[in-house]
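Student: Just passing along the structure, written as structure tokens.
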Amino acid sequence: MEQAEKETTLDHHGQDEELTPEDQMSAYTEAVKSGLYAKRSGLVGKYDNVRRYWEDEVTRIFLRPHLSKLIDRCRANMYRLRILDLGCGGADGYELLAGIRQRDADLRTTEVTMITDEILGLYKGVDLNEDLLDQARQIYGDNPKLSFEVGDFTKPLDCIRESKPFDLYFTSFGTFSHHNDDETAVQLLCDIASHVEDYCVVVCDWLGRWSYEWQDLWTNNLADLRNMDYVVSYIYDEEERELRRDSLEHLLLRVMSRQEADAIIKEASRRAGVEIRPLNFFDRSVITGRHMDTREYNRHAQPMRMAVNSLHETNIRTDLSSLTFNYVPKPGFDFINDYYEHLQMCWNTLVEHAAHLLTVFDEEKREFDPELEPVPASYPPALRDMMERLRLIVRGTGWLGYGLPRENIIEPQLGYALRYLVCNLQRGQGCGHGLVSVLEISKNGTSS
Ligand SMILES: C[S@@+](CC[C@H](N)C(=O)[O-])C[C@H]1O[C@@H](n2cnc3c(N)ncnc32)[C@H](O)[C@@H]1O
């Protein structure tokens with residue numbers, strides 16, 4: 001009987017009955033090793049909230065009209081879009097491009113991305129780093145339209161010689177600053193110009209020379225500082241950063257102004273004998289670059305990125321005073337000081353307006369009490385628009401109660417309003433963490 005009972009128990013539970021609590025821990029160990037148990041946070045790390053909701057999205061907004069015209073061109077001529085990503089890393093550039101949405105997608109549309117399976121012919125990523133290429137292959141290796149190859153873009157012909165021409169020659173997130181020597185940047189543009197058959201768009205993504213993050217390094221004699229010693233310390237929080245100080249990675253990266261980029265493009269155009277025409281320059285991450293929080297290169301920098309990350313973090317309430325920006329001017333840089341001081345005034349006015357709206361909104365009456373003063377007509381249009389938008393958002397959602405309307409609706413919308421303001425005020429001069437140039441090469445004279 002005892003034997004029969006034992007067998008019945010085994011029938012029901014099999015080997016599980018034999019497992020000790022320690023044995024069962026292997027399930028958790030496995031889960032942790034898979035990476036899927038990682039405590040991801042939008043407050044820190046490479047893919048923090050500013051990266052996802054500001055930098056990726058803003059780049060997409062600026063690239064959208066150019067990609068749209070390229071796709072129209074492909075459709076008109078009955079061929080599929082071909083993209084070359086130079087310094088593709090783990091394929092972040094592909095994800096950036098694949099996430100560009102159609103401008104006119106309304107609330108009902110579910111197919112919103114511009115690069116559809118039907119239009120994509122080939123995305124080819126080239127990088128020197130085998131580990132990053134492996135990472136890209138692990139994610140996208142099954143897709144026959146995506147290929148990842150080892151290549152050095154400072155020897156451009158090696159990357160493009162074997163391939164048919166591309167429609168888009170692309171770099172992202174500071175990759176063009178890996179040209180420490182301008183000659184290699186000029187040569188790359190020349191080689192692209194000779195490789196392309198008829199028409200293409202080129203995106204050059206540099207580090208901005210005049211970012212407030214590295215104000216200590218600013219110099220009026222540009223020859224004094226061409227490449228900066230860029231320390232990759234920002235991926236850690238403050239405590240870990242200091243613990244790892246001696247083992248942090250350093251990169252030598254070219255800092256670029258609009259003036260210098262223009263000179264490189266002009267020289268490449270002259271040498272190639274083909275017009276390489278700038279279509280757009282934009283400053284990405286002005287006052288919210290990663291080194292604002294580290295203060296590695298500006299003793300006056302404030303942790304603005306941390307404050308904006310908090311605005312976009314679910315269920316977290318932000319102290320809005322942490323968003324107040326105090327620009328400390330650098331003597332001898334009037335043009336740049338004027339720009340930053342104007343930005344500071346507009347930014348802080350919007351932050352104070354948001355704080356005021358939250359203070360005077362009466363949740364029971366669903367009205368502002370006392371009533372709001374009108375926004376001065378003298379304010380810049382982008383600021384006026386965002387102040388009005390925030391008024392509508394607080395009035396429309398401030399009484400909702402459930403779902404934490406301040407943390408989960410109003411604060412992220414304040415983030416988007418600040419993003420809109422900064423994008424409207426940027427001048428594409430190199431005042432952001434990134435300076436992005438969109439260029440076109442047209443051999444038959446037709447422009448996009
Ligand atoms: C700032 S990371 C950007 C990576 C990726 N494009 C992104 O947006 O996240 C720069 C990339 O350029 C690659 N790189 C640097 N110098 C290179 C070279 N001479 N040839 C090819 N790739 C290079 C690095 O390995 C790295 O993946």
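Residue numbering restarts at 1 for every chain of the structure tokens, chains are lettered A, B, ... in their displayed order, and ligands are numbered from 1 as they appear.
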What are the nearest atom pairs, with distances in Å to one decimal, for all residues of chain A that come at most 6 Å from ligand 1, using only C-alpha atoms and all ligand atoms, set out by chain and rising residue number as JSON lines?
Tutor:
{"residue": "A:Gly87", "atom": "CA", "partner": "ligand 1", "partner_atom_place_in_ligand_line": "12 (O)", "distance": 3.6}
{"residue": "A:Cys88", "atom": "CA", "partner": "ligand 1", "partner_atom_place_in_ligand_line": "6 (N)", "distance": 4.0}
{"residue": "A:Gly89", "atom": "CA", "partner": "ligand 1", "partner_atom_place_in_ligand_line": "27 (O)", "distance": 3.4}
{"residue": "A:Asp92", "atom": "CA", "partner": "ligand 1", "partner_atom_place_in_ligand_line": "9 (O)", "distance": 4.7}
{"residue": "A:Gly93", "atom": "CA", "partner": "ligand 1", "partner_atom_place_in_ligand_line": "8 (O)", "distance": 4.9}
{"residue": "A:Asp127", "atom": "CA", "partner": "ligand 1", "partner_atom_place_in_ligand_line": "22 (N)", "distance": 3.7}
{"residue": "A:Leu128", "atom": "CA", "partner": "ligand 1", "partner_atom_place_in_ligand_line": "21 (C)", "distance": 4.3}
{"residue": "A:Asn129", "atom": "CA", "partner": "ligand 1", "partner_atom_place_in_ligand_line": "25 (O)", "distance": 4.6}
{"residue": "A:Gly151", "atom": "CA", "partner": "ligand 1", "partner_atom_place_in_ligand_line": "21 (C)", "distance": 5.5}
{"residue": "A:Asp152", "atom": "CA", "partner": "ligand 1", "partner_atom_place_in_ligand_line": "20 (N)", "distance": 3.4}
{"residue": "A:Phe153", "atom": "CA", "partner": "ligand 1", "partner_atom_place_in_ligand_line": "20 (N)", "distance": 4.1}
{"residue": "A:Thr154", "atom": "CA", "partner": "ligand 1", "partner_atom_place_in_ligand_line": "19 (N)", "distance": 4.9}
{"residue": "A:Thr171", "atom": "CA", "partner": "ligand 1", "partner_atom_place_in_ligand_line": "6 (N)", "distance": 6.0}
{"residue": "A:Ser172", "atom": "CA", "partner": "ligand 1", "partner_atom_place_in_ligand_line": "8 (O)", "distance": 4.3}
{"residue": "A:Phe173", "atom": "CA", "partner": "ligand 1", "partner_atom_place_in_ligand_line": "8 (O)", "distance": 4.6}
{"residue": "A:Gly174", "atom": "CA", "partner": "ligand 1", "partner_atom_place_in_ligand_line": "1 (C)", "distance": 5.0}
{"residue": "A:Thr175", "atom": "CA", "partner": "ligand 1", "partner_atom_place_in_ligand_line": "10 (C)", "distance": 4.3}
{"residue": "A:His178", "atom": "CA", "partner": "ligand 1", "partner_atom_place_in_ligand_line": "16 (N)", "distance": 5.2}
Student: For N, CA and C atoms, I'd like the residues from the last selection saved as a PDB file, in the first residue's frame.
Tutor:
ATOM      1  N   GLY A  87      28.596  52.833 -39.627  1.00  0.00           N
ATOM      2  CA  GLY A  87      28.749  52.835 -38.172  1.00  0.00           C
ATOM      3  C   GLY A  87      27.417  52.463 -37.540  1.00  0.00           C
ATOM      4  N   CYS A  88      26.858  51.340 -38.026  1.00  0.00           N
ATOM      5  CA  CYS A  88      25.477  50.966 -37.653  1.00  0.00           C
ATOM      6  C   CYS A  88      25.365  50.467 -36.223  1.00  0.00           C
ATOM      7  N   GLY A  89      26.494  50.081 -35.592  1.00  0.00           N
ATOM      8  CA  GLY A  89      26.442  49.549 -34.235  1.00  0.00           C
ATOM      9  C   GLY A  89      25.471  48.379 -34.156  1.00  0.00           C
ATOM     10  N   ASP A  92      20.768  50.444 -34.232  1.00  0.00           N
ATOM     11  CA  ASP A  92      19.886  51.497 -33.702  1.00  0.00           C
ATOM     12  C   ASP A  92      19.393  52.414 -34.816  1.00  0.00           C
ATOM     13  N   GLY A  93      20.263  52.622 -35.822  1.00  0.00           N
ATOM     14  CA  GLY A  93      19.887  53.489 -36.939  1.00  0.00           C
ATOM     15  C   GLY A  93      18.726  52.902 -37.718  1.00  0.00           C
ATOM     16  N   ASP A 127      30.009  48.295 -39.801  1.00  0.00           N
ATOM     17  CA  ASP A 127      30.629  48.759 -38.556  1.00  0.00           C
ATOM     18  C   ASP A 127      31.956  48.028 -38.369  1.00  0.00           C
ATOM     19  N   LEU A 128      32.819  48.632 -37.575  1.00  0.00           N
ATOM     20  CA  LEU A 128      34.107  47.996 -37.272  1.00  0.00           C
ATOM     21  C   LEU A 128      34.014  47.062 -36.080  1.00  0.00           C
ATOM     22  N   ASN A 129      32.978  47.240 -35.281  1.00  0.00           N
ATOM     23  CA  ASN A 129      32.896  46.496 -34.024  1.00  0.00           C
ATOM     24  C   ASN A 129      32.109  45.188 -34.206  1.00  0.00           C
ATOM     25  N   GLY A 151      33.263  46.716 -41.740  1.00  0.00           N
ATOM     26  CA  GLY A 151      33.827  47.688 -42.687  1.00  0.00           C
ATOM     27  C   GLY A 151      34.302  48.922 -41.950  1.00  0.00           C
ATOM     28  N   ASP A 152      35.253  49.621 -42.567  1.00  0.00           N
ATOM     29  CA  ASP A 152      35.816  50.832 -41.960  1.00  0.00           C
ATOM     30  C   ASP A 152      35.427  52.018 -42.839  1.00  0.00           C
ATOM     31  N   PHE A 153      34.586  52.923 -42.300  1.00  0.00           N
ATOM     32  CA  PHE A 153      34.125  54.010 -43.168  1.00  0.00           C
ATOM     33  C   PHE A 153      35.178  55.100 -43.377  1.00  0.00           C
ATOM     34  N   THR A 154      36.320  54.968 -42.707  1.00  0.00           N
ATOM     35  CA  THR A 154      37.389  55.908 -43.038  1.00  0.00           C
ATOM     36  C   THR A 154      38.147  55.416 -44.280  1.00  0.00           C
ATOM     37  N   THR A 171      24.102  58.086 -41.150  1.00  0.00           N
ATOM     38  CA  THR A 171      24.833  57.871 -39.884  1.00  0.00           C
ATOM     39  C   THR A 171      23.933  58.388 -38.772  1.00  0.00           C
ATOM     40  N   SER A 172      24.112  57.872 -37.560  1.00  0.00           N
ATOM     41  CA  SER A 172      23.272  58.362 -36.460  1.00  0.00           C
ATOM     42  C   SER A 172      24.066  58.504 -35.173  1.00  0.00           C
ATOM     43  N   PHE A 173      23.549  59.366 -34.324  1.00  0.00           N
ATOM     44  CA  PHE A 173      24.054  59.568 -32.961  1.00  0.00           C
ATOM     45  C   PHE A 173      25.574  59.753 -32.863  1.00  0.00           C
ATOM     46  N   GLY A 174      26.044  60.766 -33.559  1.00  0.00           N
ATOM     47  CA  GLY A 174      27.437  61.197 -33.394  1.00  0.00           C
ATOM     48  C   GLY A 174      28.447  60.393 -34.182  1.00  0.00           C
ATOM     49  N   THR A 175      27.986  59.466 -35.010  1.00  0.00           N
ATOM     50  CA  THR A 175      28.939  58.578 -35.693  1.00  0.00           C
ATOM     51  C   THR A 175      29.895  59.344 -36.613  1.00  0.00           C
ATOM     52  N   HIS A 178      33.404  60.312 -35.570  1.00  0.00           N
ATOM     53  CA  HIS A 178      34.526  59.364 -35.562  1.00  0.00           C
ATOM     54  C   HIS A 178      35.522  59.665 -36.681  1.00  0.00           C
TER      55      HIS A 178
END
Student: Do you know which residues are at most 10 Å from Asn424 (chain A) counting only C-alpha atoms, after dropping those on the same chain fewer than 5 positions away, and could you put them as a ChimeraX atom specification?
Tutor: /A:380-383,418-419
Student: How would the residues just chosen look if you wrote them out with N, CA and C atoms as a PDB file, in the first residue's frame?
Tutor:
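Now in result19.pdb:
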ATOM      1  N   PRO A 380       7.432  84.686 -28.033  1.00  0.00           N
ATOM      2  CA  PRO A 380       7.616  83.973 -29.308  1.00  0.00           C
ATOM      3  C   PRO A 380       6.454  83.001 -29.559  1.00  0.00           C
ATOM      4  N   PRO A 381       6.034  82.850 -30.830  1.00  0.00           N
ATOM      5  CA  PRO A 381       4.871  82.004 -31.144  1.00  0.00           C
ATOM      6  C   PRO A 381       4.960  80.595 -30.565  1.00  0.00           C
ATOM      7  N   ALA A 382       6.144  79.979 -30.608  1.00  0.00           N
ATOM      8  CA  ALA A 382       6.264  78.592 -30.118  1.00  0.00           C
ATOM      9  C   ALA A 382       5.959  78.537 -28.620  1.00  0.00           C
ATOM     10  N   LEU A 383       6.378  79.546 -27.890  1.00  0.00           N
ATOM     11  CA  LEU A 383       6.114  79.586 -26.444  1.00  0.00           C
ATOM     12  C   LEU A 383       4.623  79.810 -26.185  1.00  0.00           C
ATOM     13  N   LEU A 418       8.087  71.253 -23.921  1.00  0.00           N
ATOM     14  CA  LEU A 418       9.466  71.764 -23.846  1.00  0.00           C
ATOM     15  C   LEU A 418      10.265  71.310 -25.068  1.00  0.00           C
ATOM     16  N   ARG A 419      10.035  70.080 -25.481  1.00  0.00           N
ATOM     17  CA  ARG A 419      10.728  69.545 -26.665  1.00  0.00           C
ATOM     18  C   ARG A 419      10.378  70.379 -27.893  1.00  0.00           C
TER      19      ARG A 419
END
Student: Can you pull out the residues contacting Ser442 (chain A)? Cut-off 12 Å, using only C-alpha atoms, and skip same-chain residues under 4 positions away; I want them as a count of residues only.
Tutor: 22
Student: List the neighbours of region 99-111 of chain A out to 10 Å using only C-alpha atoms; skip same-chain residues closer than 6 positions along the sequence, and give me the result as a PDB file with N, CA and C atoms, in the first residue's frame.
Tutor:
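Generated file (part_9.pdb):
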ATOM      1  N   ASP A  56      15.306  60.275 -30.281  1.00  0.00           N
ATOM      2  CA  ASP A  56      14.848  59.438 -31.398  1.00  0.00           C
ATOM      3  C   ASP A  56      13.720  60.146 -32.149  1.00  0.00           C
ATOM      4  N   GLU A  57      12.761  60.655 -31.392  1.00  0.00           N
ATOM      5  CA  GLU A  57      11.573  61.236 -32.028  1.00  0.00           C
ATOM      6  C   GLU A  57      11.885  62.524 -32.782  1.00  0.00           C
ATOM      7  N   THR A  59      14.769  63.390 -34.084  1.00  0.00           N
ATOM      8  CA  THR A  59      15.512  63.049 -35.301  1.00  0.00           C
ATOM      9  C   THR A  59      14.528  62.558 -36.364  1.00  0.00           C
ATOM     10  N   ARG A  60      13.577  61.751 -35.934  1.00  0.00           N
ATOM     11  CA  ARG A  60      12.576  61.249 -36.897  1.00  0.00           C
ATOM     12  C   ARG A  60      11.784  62.393 -37.518  1.00  0.00           C
ATOM     13  N   ILE A  61      11.408  63.362 -36.687  1.00  0.00           N
ATOM     14  CA  ILE A  61      10.601  64.483 -37.201  1.00  0.00           C
ATOM     15  C   ILE A  61      11.387  65.267 -38.254  1.00  0.00           C
ATOM     16  N   PHE A  62      12.689  65.488 -37.994  1.00  0.00           N
ATOM     17  CA  PHE A  62      13.494  66.242 -38.958  1.00  0.00           C
ATOM     18  C   PHE A  62      13.776  65.438 -40.230  1.00  0.00           C
ATOM     19  N   LEU A  63      13.906  64.131 -40.083  1.00  0.00           N
ATOM     20  CA  LEU A  63      14.236  63.310 -41.264  1.00  0.00           C
ATOM     21  C   LEU A  63      12.997  63.000 -42.108  1.00  0.00           C
ATOM     22  N   ARG A  64      11.828  63.067 -41.474  1.00  0.00           N
ATOM     23  CA  ARG A  64      10.606  62.600 -42.154  1.00  0.00           C
ATOM     24  C   ARG A  64      10.391  63.190 -43.557  1.00  0.00           C
ATOM     25  N   PRO A  65      10.462  64.526 -43.743  1.00  0.00           N
ATOM     26  CA  PRO A  65      10.186  65.038 -45.096  1.00  0.00           C
ATOM     27  C   PRO A  65      11.188  64.526 -46.139  1.00  0.00           C
ATOM     28  N   LEU A  67      12.876  61.586 -46.025  1.00  0.00           N
ATOM     29  CA  LEU A  67      12.597  60.178 -46.299  1.00  0.00           C
ATOM     30  C   LEU A  67      11.347  60.059 -47.169  1.00  0.00           C
ATOM     31  N   SER A  68      10.373  60.908 -46.878  1.00  0.00           N
ATOM     32  CA  SER A  68       9.122  60.870 -47.633  1.00  0.00           C
ATOM     33  C   SER A  68       9.392  61.126 -49.123  1.00  0.00           C
ATOM     34  N   GLY A  93      20.263  52.622 -35.822  1.00  0.00           N
ATOM     35  CA  GLY A  93      19.887  53.489 -36.939  1.00  0.00           C
ATOM     36  C   GLY A  93      18.726  52.902 -37.718  1.00  0.00           C
TER      37      GLY A  93
END
Student: Given only C-alpha atoms as the basis, pick out the residue of A:Leu243, A:Ile393, A:Ile316, A:Ala91 nearest to Arg366 (chain A).
Tutor: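 The answer is A:Ile393, which sits nearest to Arg366 (chain A).
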